[in-house]
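Asker: What follows is the file upload_37.csv, containing CSV, C-alpha atoms:
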```
chain,number,residue,atom,x,y,z
K,252,MET,CA,7.3,-0.9,-35.7
K,253,THR,CA,9.8,-3.8,-36.0
K,254,VAL,CA,12.5,-1.8,-34.4
K,255,PHE,CA,10.1,-0.9,-31.5
K,256,LYS,CA,9.3,-4.5,-30.9
K,257,ILE,CA,13.0,-5.5,-30.9
K,258,LYS,CA,13.8,-2.8,-28.3
K,259,LEU,CA,10.8,-3.7,-26.2
K,260,HIS,CA,11.8,-7.4,-26.2
K,261,ARG,CA,15.3,-6.4,-24.9
K,262,VAL,CA,13.7,-4.6,-21.9
K,263,SER,CA,13.7,-7.0,-18.9
K,264,PRO,CA,10.4,-7.9,-17.3
K,265,GLU,CA,11.5,-6.2,-14.1
K,266,LYS,CA,12.0,-2.9,-15.9
K,267,LEU,CA,8.7,-3.2,-17.7
K,268,PHE,CA,7.1,-3.8,-14.2
K,269,MET,CA,8.8,-0.7,-12.8
K,270,GLY,CA,7.5,1.3,-15.7
K,271,SER,CA,4.1,0.0,-15.1
K,272,VAL,CA,4.2,0.8,-11.4
K,273,LEU,CA,5.3,4.4,-12.2
K,274,LEU,CA,2.3,4.6,-14.6
K,275,VAL,CA,-0.1,3.2,-12.0
K,276,ASN,CA,1.3,5.7,-9.4
K,277,GLY,CA,0.9,8.5,-11.9
K,278,GLY,CA,-2.7,7.4,-12.5
K,279,ASN,CA,-3.5,7.3,-8.8
K,280,TYR,CA,-2.0,10.7,-8.4
K,281,LEU,CA,-4.1,12.0,-11.3
K,282,TYR,CA,-7.2,10.5,-9.6
K,283,ASN,CA,-6.5,12.3,-6.3
K,284,LEU,CA,-5.5,15.5,-8.0
K,285,VAL,CA,-8.7,15.7,-10.0
K,286,LEU,CA,-10.8,14.9,-6.9
K,287,GLY,CA,-9.0,17.7,-5.0
K,288,ARG,CA,-9.6,20.2,-7.7
K,289,LEU,CA,-13.2,19.2,-8.4
K,290,LEU,CA,-14.3,19.0,-4.8
K,291,GLY,CA,-12.3,21.6,-3.0
K,292,PRO,CA,-10.6,21.1,0.5
K,293,GLU,CA,-13.8,20.5,2.5
K,294,ALA,CA,-15.4,17.9,0.3
K,295,PHE,CA,-12.0,16.4,-0.6
K,296,ALA,CA,-11.5,15.6,3.1
K,297,GLU,CA,-14.2,12.8,2.8
K,298,ALA,CA,-12.9,11.6,-0.5
K,299,ALA,CA,-9.4,11.5,1.0
K,300,LEU,CA,-10.8,9.5,3.9
K,301,LEU,CA,-12.0,6.8,1.5
K,302,VAL,CA,-8.6,6.8,-0.3
K,303,THR,CA,-7.0,6.3,3.2
K,304,LEU,CA,-9.3,3.4,3.9
K,305,LEU,CA,-8.3,1.9,0.5
K,306,LEU,CA,-4.6,2.3,1.6
K,307,VAL,CA,-5.5,0.5,4.9
K,308,LEU,CA,-7.1,-2.3,2.9
K,309,SER,CA,-4.1,-2.5,0.6
K,310,PHE,CA,-1.8,-3.1,3.6
K,311,LEU,CA,-4.0,-5.9,4.9
K,312,GLY,CA,-4.1,-7.4,1.4
K,313,MET,CA,-0.3,-7.3,1.3
K,314,THR,CA,-0.4,-10.0,4.0
K,315,PHE,CA,-2.0,-12.4,1.5
K,316,GLN,CA,0.0,-11.1,-1.5
K,317,LEU,CA,3.4,-11.5,0.2
K,318,ALA,CA,2.6,-14.9,1.7
K,319,THR,CA,1.5,-16.2,-1.7
K,320,ALA,CA,4.5,-14.7,-3.4
K,321,LYS,CA,7.0,-16.2,-0.9
K,322,PHE,CA,5.5,-19.7,-1.0
K,323,ALA,CA,5.1,-19.6,-4.8
K,324,VAL,CA,8.9,-19.7,-4.8
K,325,LEU,CA,9.1,-22.5,-2.2
K,326,PHE,CA,6.2,-24.8,-3.1
K,327,SER,CA,5.4,-26.8,-6.2
K,328,GLY,CA,3.2,-29.6,-7.4
K,329,LYS,CA,0.6,-30.8,-5.0
K,330,ASP,CA,1.9,-28.6,-2.2
K,331,TRP,CA,1.4,-25.5,-4.4
K,332,ASP,CA,-2.2,-26.7,-5.3
K,333,ALA,CA,-3.1,-27.2,-1.7
K,334,PHE,CA,-1.5,-23.9,-0.7
K,335,GLN,CA,-3.5,-22.0,-3.4
K,336,GLN,CA,-6.7,-23.5,-2.1
K,337,LEU,CA,-5.8,-22.6,1.5
K,338,MET,CA,-5.0,-19.0,0.5
K,339,TYR,CA,-8.3,-18.5,-1.3
K,340,LYS,CA,-10.2,-19.9,1.6
K,341,TYR,CA,-8.3,-17.5,4.0
K,342,ALA,CA,-9.0,-14.6,1.6
K,343,LEU,CA,-12.7,-15.3,1.5
K,344,GLY,CA,-13.1,-15.8,5.2
K,345,PHE,CA,-11.0,-12.7,6.2
K,346,GLY,CA,-12.5,-10.6,3.5
K,347,MET,CA,-16.1,-11.3,4.7
K,348,LEU,CA,-15.0,-10.7,8.3
K,349,VAL,CA,-13.5,-7.3,7.6
K,350,GLY,CA,-16.4,-6.3,5.3
K,351,THR,CA,-19.0,-7.3,7.9
K,352,ILE,CA,-17.2,-5.3,10.6
K,353,LEU,CA,-17.0,-2.2,8.4
K,354,PHE,CA,-20.7,-2.5,7.5
K,355,ALA,CA,-21.8,-3.1,11.1
K,356,PHE,CA,-19.9,-0.1,12.4
K,357,ALA,CA,-20.6,2.2,9.5
K,358,GLU,CA,-22.6,4.6,11.7
K,359,ASN,CA,-19.9,4.7,14.4
K,360,LEU,CA,-17.3,5.5,11.7
K,361,ARG,CA,-19.6,8.3,10.4
K,362,GLU,CA,-19.6,9.9,13.9
K,363,LEU,CA,-15.8,9.3,14.4
K,364,PHE,CA,-14.7,10.9,11.2
K,365,GLN,CA,-17.5,13.5,11.0
K,366,THR,CA,-18.9,12.4,7.5
K,367,GLU,CA,-22.3,13.3,6.1
K,368,SER,CA,-23.5,9.7,5.7
K,369,SER,CA,-22.6,6.2,6.7
K,370,LEU,CA,-23.5,4.9,3.2
K,371,LEU,CA,-20.0,5.5,1.9
K,372,PHE,CA,-18.6,3.0,4.5
K,373,LYS,CA,-21.3,0.4,3.7
K,374,THR,CA,-20.6,0.6,0.0
K,375,PHE,CA,-16.9,0.2,0.6
K,376,ALA,CA,-17.5,-2.7,2.9
K,377,MET,CA,-19.4,-4.8,0.4
K,378,ALA,CA,-16.5,-4.9,-2.0
K,379,VAL,CA,-13.8,-5.8,0.5
K,380,PRO,CA,-13.8,-9.6,-0.1
K,381,LEU,CA,-12.9,-9.0,-3.7
K,382,TYR,CA,-9.8,-7.1,-2.7
K,383,PHE,CA,-8.3,-10.1,-0.9
K,384,PHE,CA,-9.0,-12.5,-3.8
K,385,MET,CA,-7.2,-9.9,-6.0
K,386,SER,CA,-4.3,-9.9,-3.5
K,387,VAL,CA,-3.9,-13.7,-3.7
K,388,ASN,CA,-3.8,-13.5,-7.6
K,389,ARG,CA,-1.2,-10.8,-7.4
K,390,GLY,CA,0.9,-12.8,-5.0
K,391,LYS,CA,1.0,-15.7,-7.5
K,392,TYR,CA,2.2,-13.5,-10.3
K,393,GLN,CA,4.7,-11.8,-8.0
K,394,GLY,CA,6.2,-15.0,-6.7
K,395,ARG,CA,6.5,-16.6,-10.1
K,396,GLN,CA,7.9,-13.3,-11.4
K,397,ASP,CA,5.2,-13.0,-14.1
K,398,TYR,CA,5.5,-9.3,-14.1
K,399,ALA,CA,3.4,-8.8,-17.2
K,400,LYS,CA,0.2,-10.2,-15.5
K,401,LEU,CA,1.1,-8.5,-12.2
K,402,SER,CA,1.4,-5.2,-14.1
K,403,LEU,CA,-1.9,-5.8,-15.8
K,404,THR,CA,-3.9,-6.4,-12.7
K,405,TYR,CA,-2.6,-3.1,-11.2
K,406,GLN,CA,-3.4,-1.3,-14.5
K,407,THR,CA,-7.0,-2.6,-14.7
K,408,GLU,CA,-7.7,-1.6,-11.1
K,409,MET,CA,-6.2,1.9,-11.4
K,410,TRP,CA,-7.7,2.9,-14.7
K,411,SER,CA,-11.2,1.6,-13.9
K,412,ARG,CA,-11.2,3.5,-10.6
K,413,LEU,CA,-10.1,6.7,-12.3
K,414,LEU,CA,-12.6,6.5,-15.2
K,415,LEU,CA,-15.5,5.2,-13.3
K,416,THR,CA,-15.2,7.6,-10.4
K,417,LEU,CA,-14.9,10.6,-12.7
K,418,GLY,CA,-17.8,9.4,-14.8
K,419,LEU,CA,-20.0,9.0,-11.8
K,420,LEU,CA,-19.1,12.4,-10.4
K,421,TRP,CA,-19.9,14.1,-13.7
K,422,LEU,CA,-23.1,12.2,-14.6
K,423,VAL,CA,-24.8,11.2,-11.3
K,424,PRO,CA,-26.2,13.9,-9.0
K,425,LEU,CA,-25.5,12.1,-5.7
K,426,SER,CA,-23.2,12.7,-2.8
K,427,PRO,CA,-19.5,12.9,-4.1
K,428,ALA,CA,-18.2,10.7,-1.2
K,429,PHE,CA,-20.7,8.0,-2.0
K,430,LEU,CA,-19.8,8.1,-5.7
K,431,VAL,CA,-16.1,7.9,-4.9
K,432,ALA,CA,-16.9,4.8,-2.7
K,433,MET,CA,-18.8,3.3,-5.7
K,434,GLY,CA,-15.9,3.9,-8.0
K,435,ILE,CA,-13.4,2.3,-5.6
K,436,ALA,CA,-15.7,-0.7,-5.1
K,437,LEU,CA,-16.2,-1.3,-8.8
K,438,SER,CA,-12.5,-1.1,-9.5
K,439,PHE,CA,-11.9,-4.2,-7.4
K,440,VAL,CA,-13.9,-6.2,-9.9
K,441,PHE,CA,-11.7,-5.0,-12.7
K,442,GLY,CA,-8.6,-5.6,-10.6
K,443,LEU,CA,-9.4,-9.4,-10.8
K,444,ILE,CA,-8.3,-9.2,-14.5
K,445,PRO,CA,-6.4,-11.3,-15.4
K,446,SER,CA,-7.5,-14.2,-13.2
K,447,LYS,CA,-7.7,-18.0,-13.7
K,448,PHE,CA,-9.5,-18.6,-10.4
K,449,ASP,CA,-12.0,-21.4,-10.5
K,450,GLY,CA,-14.6,-21.6,-7.7
K,451,LYS,CA,-14.2,-25.4,-7.7
K,452,GLN,CA,-10.7,-24.9,-6.3
K,453,LEU,CA,-12.2,-24.1,-2.9
K,454,PHE,CA,-13.9,-27.5,-2.7
K,455,LYS,CA,-11.1,-29.8,-3.9
K,456,LYS,CA,-10.1,-32.5,-1.3
K,457,ILE,CA,-6.5,-31.5,-1.0
K,458,VAL,CA,-4.6,-30.6,2.2
K,459,LEU,CA,-1.3,-28.9,2.8
K,460,ALA,CA,0.9,-31.0,5.2
K,461,ALA,CA,0.6,-29.8,8.8
K,462,PRO,CA,4.3,-28.6,9.2
K,463,LYS,CA,4.1,-26.6,6.0
K,464,LYS,CA,0.7,-25.1,6.9
K,465,ARG,CA,2.1,-24.0,10.3
K,466,ARG,CA,4.9,-22.3,8.4
K,467,VAL,CA,2.5,-20.5,6.2
K,468,VAL,CA,0.3,-19.4,9.1
K,469,GLN,CA,3.3,-18.2,11.1
K,470,PHE,CA,4.5,-16.1,8.2
K,471,MET,CA,1.0,-14.7,7.6
K,472,VAL,CA,0.5,-13.8,11.3
K,473,LEU,CA,3.8,-12.1,11.6
K,474,THR,CA,3.4,-10.3,8.2
K,475,ALA,CA,0.0,-9.2,9.3
K,476,CYS,CA,1.5,-7.7,12.5
K,477,TYR,CA,3.9,-5.8,10.4
K,478,GLU,CA,1.2,-4.6,8.0
K,479,ILE,CA,-0.7,-3.3,10.9
K,480,THR,CA,2.3,-1.3,11.9
K,481,GLN,CA,2.4,0.0,8.3
K,482,ILE,CA,-1.3,1.0,8.6
K,483,ILE,CA,-0.5,2.9,11.8
K,484,ILE,CA,2.5,4.7,10.6
K,485,ASN,CA,1.3,5.5,7.1
K,486,ASN,CA,-2.4,6.4,7.8
K,487,SER,CA,-2.8,7.4,11.5
K,488,ASP,CA,-1.8,11.0,10.8
K,489,VAL,CA,-4.5,11.5,8.2
K,490,LEU,CA,-7.2,9.8,10.3
K,491,LEU,CA,-6.2,11.7,13.5
K,492,VAL,CA,-6.1,15.0,11.6
K,493,LYS,CA,-9.6,14.2,10.3
K,494,HIS,CA,-10.7,13.6,13.9
K,495,TYR,CA,-9.0,16.6,15.6
K,496,PHE,CA,-9.2,19.3,13.0
K,497,ASN,CA,-12.0,20.9,11.0
K,498,ALA,CA,-12.9,19.7,7.5
K,499,THR,CA,-11.0,22.4,5.7
K,500,ASP,CA,-7.7,21.7,7.6
K,501,ALA,CA,-8.2,18.0,7.1
K,502,GLY,CA,-8.6,18.5,3.4
K,503,LEU,CA,-5.5,20.7,3.2
K,504,TYR,CA,-3.5,18.1,5.2
K,505,ALA,CA,-4.8,15.2,3.0
K,506,ALA,CA,-3.4,17.1,-0.1
K,507,LEU,CA,0.0,17.6,1.7
K,508,ALA,CA,0.1,13.9,2.6
K,509,LEU,CA,-0.7,12.8,-0.9
K,510,ILE,CA,2.1,14.9,-2.4
K,511,GLY,CA,4.6,14.0,0.3
K,512,ARG,CA,4.0,10.3,0.0
K,513,VAL,CA,5.2,10.0,-3.6
K,514,VAL,CA,8.5,8.4,-2.4
K,515,TYR,CA,6.6,5.8,-0.5
K,516,PHE,CA,4.3,4.8,-3.3
K,517,VAL,CA,7.2,4.5,-5.8
K,518,ALA,CA,9.2,2.5,-3.3
K,519,TRP,CA,6.5,-0.2,-3.3
K,520,MET,CA,7.8,-1.4,-6.7
K,521,PHE,CA,11.1,-2.2,-5.1
K,522,VAL,CA,9.4,-4.2,-2.4
K,523,MET,CA,7.6,-6.2,-5.1
K,524,LEU,CA,10.9,-7.0,-6.8
K,525,LEU,CA,12.8,-7.5,-3.5
K,526,LEU,CA,10.8,-10.3,-1.9
K,527,PRO,CA,10.9,-13.1,-4.5
K,528,THR,CA,14.5,-12.3,-5.4
K,529,VAL,CA,15.7,-12.5,-1.7
K,530,VAL,CA,13.7,-15.7,-1.1
K,531,GLU,CA,15.1,-17.3,-4.3
K,532,LYS,CA,18.7,-16.3,-3.3
K,533,GLN,CA,18.2,-17.6,0.2
K,534,LYS,CA,16.8,-20.9,-1.1
K,535,ASN,CA,19.9,-21.3,-3.4
K,536,GLY,CA,22.4,-20.3,-0.6
K,537,ALA,CA,23.4,-17.0,-2.3
K,538,ALA,CA,24.2,-13.7,-0.6
K,539,THR,CA,21.1,-11.5,-0.1
K,540,ALA,CA,22.5,-8.3,1.4
K,541,PRO,CA,23.6,-6.9,-2.1
K,542,VAL,CA,20.0,-7.0,-3.2
K,543,LEU,CA,18.9,-5.0,-0.2
K,544,LEU,CA,21.7,-2.4,-0.6
K,545,LYS,CA,20.9,-1.9,-4.3
K,546,TYR,CA,17.2,-1.1,-3.6
K,547,VAL,CA,18.1,1.1,-0.6
K,548,GLY,CA,20.4,3.0,-2.9
K,549,TYR,CA,17.6,3.5,-5.5
K,550,ILE,CA,15.2,4.8,-2.8
K,551,GLY,CA,17.8,7.0,-1.3
K,552,VAL,CA,18.5,8.8,-4.5
K,553,LEU,CA,14.7,9.1,-5.2
K,554,SER,CA,14.1,10.4,-1.7
K,555,LEU,CA,16.8,13.0,-2.0
K,556,THR,CA,15.5,14.2,-5.3
K,557,VAL,CA,11.9,14.5,-4.1
K,558,VAL,CA,12.7,16.3,-0.8
K,559,ALA,CA,15.0,18.7,-2.6
K,560,ALA,CA,12.3,19.5,-5.2
K,561,CYS,CA,9.7,20.0,-2.4
K,562,ALA,CA,12.1,22.3,-0.5
K,563,LEU,CA,13.0,24.4,-3.6
K,564,PHE,CA,9.6,24.6,-5.4
K,565,PRO,CA,6.8,24.0,-2.8
K,566,GLU,CA,4.4,26.6,-4.0
K,567,LEU,CA,4.9,25.6,-7.7
K,568,ILE,CA,4.3,21.9,-6.9
K,569,ILE,CA,1.1,22.6,-4.8
K,570,ARG,CA,-0.2,25.1,-7.3
K,571,MET,CA,0.3,22.7,-10.2
K,572,MET,CA,-1.2,19.7,-8.4
K,573,PHE,CA,-4.0,21.1,-6.3
K,574,GLY,CA,-4.4,24.8,-7.0
K,575,GLU,CA,-4.3,28.0,-5.1
K,576,ALA,CA,-6.7,26.8,-2.3
K,577,TYR,CA,-4.0,24.5,-0.9
K,578,LEU,CA,-1.0,26.9,-0.9
K,579,THR,CA,-1.0,27.4,2.9
K,580,MET,CA,0.6,23.9,3.1
K,581,ALA,CA,3.7,24.9,1.1
K,582,PRO,CA,6.1,25.4,4.0
K,583,LEU,CA,5.4,21.9,5.3
K,584,LEU,CA,5.8,20.1,2.0
K,585,TRP,CA,9.5,19.2,2.2
K,586,GLN,CA,9.2,18.3,5.8
K,587,TYR,CA,6.4,15.8,5.2
K,588,ALA,CA,8.3,14.4,2.2
K,589,LEU,CA,11.3,13.9,4.5
K,590,ALA,CA,9.3,11.9,7.0
K,591,THR,CA,7.9,9.8,4.3
K,592,SER,CA,11.3,9.2,2.8
K,593,LEU,CA,12.7,8.0,6.1
K,594,PHE,CA,9.8,5.6,6.4
K,595,ALA,CA,10.2,4.3,2.8
K,596,ILE,CA,13.9,3.4,3.5
K,597,SER,CA,13.0,1.8,6.8
K,598,ASN,CA,10.3,-0.2,5.1
K,599,ILE,CA,12.8,-1.8,2.6
K,600,PHE,CA,14.9,-3.1,5.5
K,601,ALA,CA,11.8,-4.5,7.3
K,602,TYR,CA,10.5,-6.4,4.2
K,603,TYR,CA,14.0,-7.7,3.6
K,604,PHE,CA,14.1,-9.3,7.0
K,605,LEU,CA,10.6,-10.6,6.7
K,606,SER,CA,11.7,-12.3,3.5
K,607,LEU,CA,14.4,-14.0,5.6
K,608,ASP,CA,12.0,-15.0,8.4
K,609,GLU,CA,13.6,-12.4,10.7
K,610,TYR,CA,10.8,-10.8,12.7
K,611,ALA,CA,12.5,-8.4,15.2
K,612,PRO,CA,11.9,-5.4,12.8
K,613,VAL,CA,8.1,-6.1,13.2
K,614,VAL,CA,8.3,-5.4,16.9
K,615,VAL,CA,10.5,-2.3,16.4
K,616,SER,CA,8.0,-0.9,13.8
K,617,GLY,CA,5.1,-1.7,16.0
K,618,VAL,CA,6.5,0.2,19.0
K,619,LEU,CA,7.4,3.2,16.9
K,620,GLY,CA,4.1,3.1,15.1
K,621,ILE,CA,2.2,3.3,18.4
K,622,SER,CA,4.6,6.0,19.6
K,623,GLN,CA,3.7,8.1,16.5
K,624,ILE,CA,0.0,7.9,17.4
K,625,VAL,CA,0.7,8.8,21.1
K,626,LEU,CA,2.8,11.8,19.9
K,627,ILE,CA,0.1,13.1,17.6
K,628,VAL,CA,-2.6,12.6,20.3
K,629,PHE,CA,-0.6,14.7,22.8
K,630,PHE,CA,1.0,17.2,20.3
K,631,HIS,CA,-1.5,18.4,17.7
K,632,SER,CA,-1.7,22.1,18.4
K,633,SER,CA,-1.1,22.7,14.7
K,634,LEU,CA,-0.7,20.8,11.4
K,635,ALA,CA,3.0,21.7,11.6
K,636,MET,CA,3.3,20.0,14.9
K,637,VAL,CA,1.7,16.8,13.5
K,638,VAL,CA,4.4,16.8,10.8
K,639,TYR,CA,7.3,17.4,13.3
K,640,VAL,CA,6.4,14.5,15.5
K,641,GLN,CA,6.3,12.2,12.5
K,642,ILE,CA,9.8,13.2,11.5
K,643,ILE,CA,11.0,12.4,15.1
K,644,ALA,CA,9.3,8.9,15.0
K,645,MET,CA,10.7,8.1,11.5
K,646,ILE,CA,14.3,9.1,12.3
K,647,SER,CA,14.1,6.7,15.4
K,648,LEU,CA,12.6,3.9,13.2
K,649,LEU,CA,15.4,4.2,10.5
K,650,ILE,CA,18.1,4.3,13.2
K,651,ALA,CA,16.7,1.1,14.8
K,652,GLN,CA,16.5,-0.7,11.4
K,653,LEU,CA,20.1,0.3,10.6
K,654,LEU,CA,21.4,-0.9,14.0
K,655,TYR,CA,19.6,-4.3,13.5
K,656,PHE,CA,21.0,-4.7,10.0
K,657,SER,CA,24.6,-3.8,11.3
K,658,GLN,CA,24.2,-6.3,14.1
K,659,LYS,CA,23.1,-9.1,11.7
K,660,SER,CA,25.8,-8.2,9.2
K,661,MET,CA,28.6,-8.4,11.8
K,662,GLY,CA,27.2,-11.7,13.2
K,663,SER,CA,27.1,-13.5,9.9
```
Using the file provided, produce a representation of the structure as C-alpha cells.
Answerer:
Amino acid sequence: MTVFKIKLHRVSPEKLFMGSVLLVNGGNYLYNLVLGRLLGPEAFAEAALLVTLLLVLSFLGMTFQLATAKFAVLFSGKDWDAFQQLMYKYALGFGMLVGTILFAFAENLRELFQTESSLLFKTFAMAVPLYFFMSVNRGKYQGRQDYAKLSLTYQTEMWSRLLLTLGLLWLVPLSPAFLVAMGIALSFVFGLIPSKFDGKQLFKKIVLAAPKKRRVVQFMVLTACYEITQIIINNSDVLLVKHYFNATDAGLYAALALIGRVVYFVAWMFVMLLLPTVVEKQKNGAATAPVLLKYVGYIGVLSLTVVAACALFPELIIRMMFGEAYLTMAPLLWQYALATSLFAISNIFAYYFLSLDEYAPVVVSGVLGISQIVLIVFFHSSLAMVVYVQIIAMISLLIAQLLYFSQKSMGS
C-alpha cells in the first residue's frame, strides 16, 4: 500500500486527469452500449436522440466553462470574486432561457424527431439550468488546474447517469425514452459534486470593472459562436438522419456515430489541458505553439490507431459493442471514424486560437459547419452518402485550419 501511494504521488495531476477522462469516456460508452443492447435499434434511436441533446447542451456549457477557465488564470482578488458572481448570474439566466424554450417547444420537437411523447423533452428541459452551474464550477477547477476536483465532477455525473438510468429501466415500467431523460436530468445534480457554491454569492454588491466585463462578454460571445459550430458539425448528422430516415436506420446510424466518435471524446481531455496552459504561457510571454503541436501529435497518433482498427476489424468491433443487429454498419465504420478524426484535429487548432483571442477559425468552422448541413440535406440518398459528405467537409475544415496556422506562424 505504501509503495502504491508513493507511485501515485509521483503521477502528475495532468496524467491523473487524463486517466480520469478515459474512465469517464469508458463509462459513457458503457452507458450507450448497454442502452443499445437493451433497447434494440428502433428504441435506441430515441435514447440516442437524448444523448445527442446532452452533447448539444455540453457544447453550450463549454462556453461558460472555457470562459471561467480562461479568466481564472487572468483574474484574482476582487476581480475574481466579481467575475464568479457574474458567471453564476449568466449561467442561471441562460439556463432558464434554454430550459424554457425546450419545454415550450417540446411538442414541436416530438413531431420533428418523430418520438412517441414530448415528455422526454420536458423532463430534460427542467434540469438544464443545473448543467450551466456545473459548467461554471468545472471552469474554476480547470482554470486553477485543480484536476482532482475537475475529475471528480465528471466522475459523479457519469456514474450517477449510468447507474440511475439502468436502475430506472430495470425497475420502472414506463417508456424507456422518458426513463433515460430522468437519468440524465438526475445526473446533473450529482455533477455539482464537489461544489462550494453559496447562493448568497448572487446577491453580493460587487461589480467587475466595465473594460474587464466587456472582455469577458466578448470572449463568451465568440466562444458561444464557435460552440454553435461544434454543435452543427458534431450533431447535425445524427439529428438529420433521425429526421430523414426511419427509426431502425436512425438507430443503426446512432450506433455507428457513437463508435466512430471515440477519437473526438478522448480529444476533449487535451482541450481541457490546452486552454489554461496556453493562456498561462501567453500571459508570461512564453511560446505557445509547442503546446499545440504536442497535443496535435497525441491526437494524430490516436486517430491513426482508431481508424486502422475500425478498418481492419469493423465487424468484430460492432459485434462486441452493440451486437449482431447493428452489423450492416460495419463497412462505414472506418470512414465515419476518419471524419471524426479530422474534426478532432481541427478542433484542437480552433481552441488554441480561441485561447489566444484569435477568432478567424470560428468563422471558418461556422461556414463549413453550415456547408455540412447543406450537403446532408441535398445528399442523403443513403447512410453511406451522409458519411461521405462529412468526410469532404472535415477535410476542407482541417486544410483551412492548417493554412491559418501556417500564415500566423510565418507572420510571427
Asker: Which of these, K:Ser402, K:Asn485, K:Thr407, K:Ser606, has the shortest distance to Lys532 of chain K once you count only C-alpha atoms?
Answerer: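 Distance minimum relative to Lys532 of chain K lands on K:Ser606.
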Asker: Please determine, counting all atoms listed in the file, which residue among K:Glu566, K:Ala460, K:Tyr515, K:Leu553 has the shortest atom-to-atom distance to Lys329 of chain K.
Answerer: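 When distances to Lys329 of chain K are compared using all atoms listed in the file, the smallest one comes from K:Ala460.
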Asker: Which residue out of K:Thr579, K:Thr539, K:Ser592, K:Gln336 has the minimum interatomic distance to Gly511 of chain K when all atoms listed in the file are used?
Answerer: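 Using all atoms listed in the file, Gly511 of chain K sits closest to K:Ser592.
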Asker: For the point (11.2, 3.6, 2.4) in the file's frame, write as a ChimeraX atom specification all residues with an atom no more than 8 Å away, counting all atoms listed in the file.
Answerer: /K:514-515,518,547,550,591-599
Asker: Which residues come within 7 Å of segment 649-652 of chain K, counting all atoms listed in the file, excluding same-chain residues fewer than 2 positions away, as a ChimeraX atom specification?
Answerer: /K:593,597,600,612,645-647,654-656
Asker: Using all atoms listed in the file - which residues lie no farther than 12 Å from the point (-17.4, -3.1, 7.8) in the file's frame? Write them as a PyMOL selection string.
Answerer: chain K and resi 304+308+345-361+369-380
Asker: Could you check how far atom CA of Leu507 of chain K sits from atom CA of Thr303 of chain K, in Å to one decimal?
Answerer: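 The value is 13.4 Å.
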Asker: Calculate how many Å separate atom CA of Gln533 of chain K from atom CA of Val614 of chain K, rounding to one decimal.
Answerer: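 Pair atom CA of Gln533 of chain K / atom CA of Val614 of chain K returns 22.9 Å.
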Asker: State, in Å with one decimal place, the distance from atom CA of His494 of chain K to atom CA of Val302 of chain K.
Answerer: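 Atom-to-atom, atom CA of His494 of chain K and atom CA of Val302 of chain K are spaced 15.9 Å apart.
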Asker: Counting all atoms listed in the file, which residue out of K:Ala538, K:Leu491, K:Leu526, K:Ala644 sits closest to Leu363 of chain K?
Answerer: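 Result for the nearest residue to Leu363 of chain K: K:Leu491.
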Asker: When you look at Glu367 of chain K with a cut-off of 12 Å (counting all atoms listed in the file), what residues show up, excluding the ones that are within fewer than 6 positions of it in the same chain? I need them as a PyMOL selection string.
Answerer: chain K and resi 293-294+296-298+357-358+360-361+426-429+498
Asker: Taking 4 positions as the minimum chain separation for residues in the same chain, which residues sit within 8 Å of Val517 of chain K when counting all atoms listed in the file? Answer as a PyMOL selection string.
Answerer: chain K and resi 272-273+276+513+521
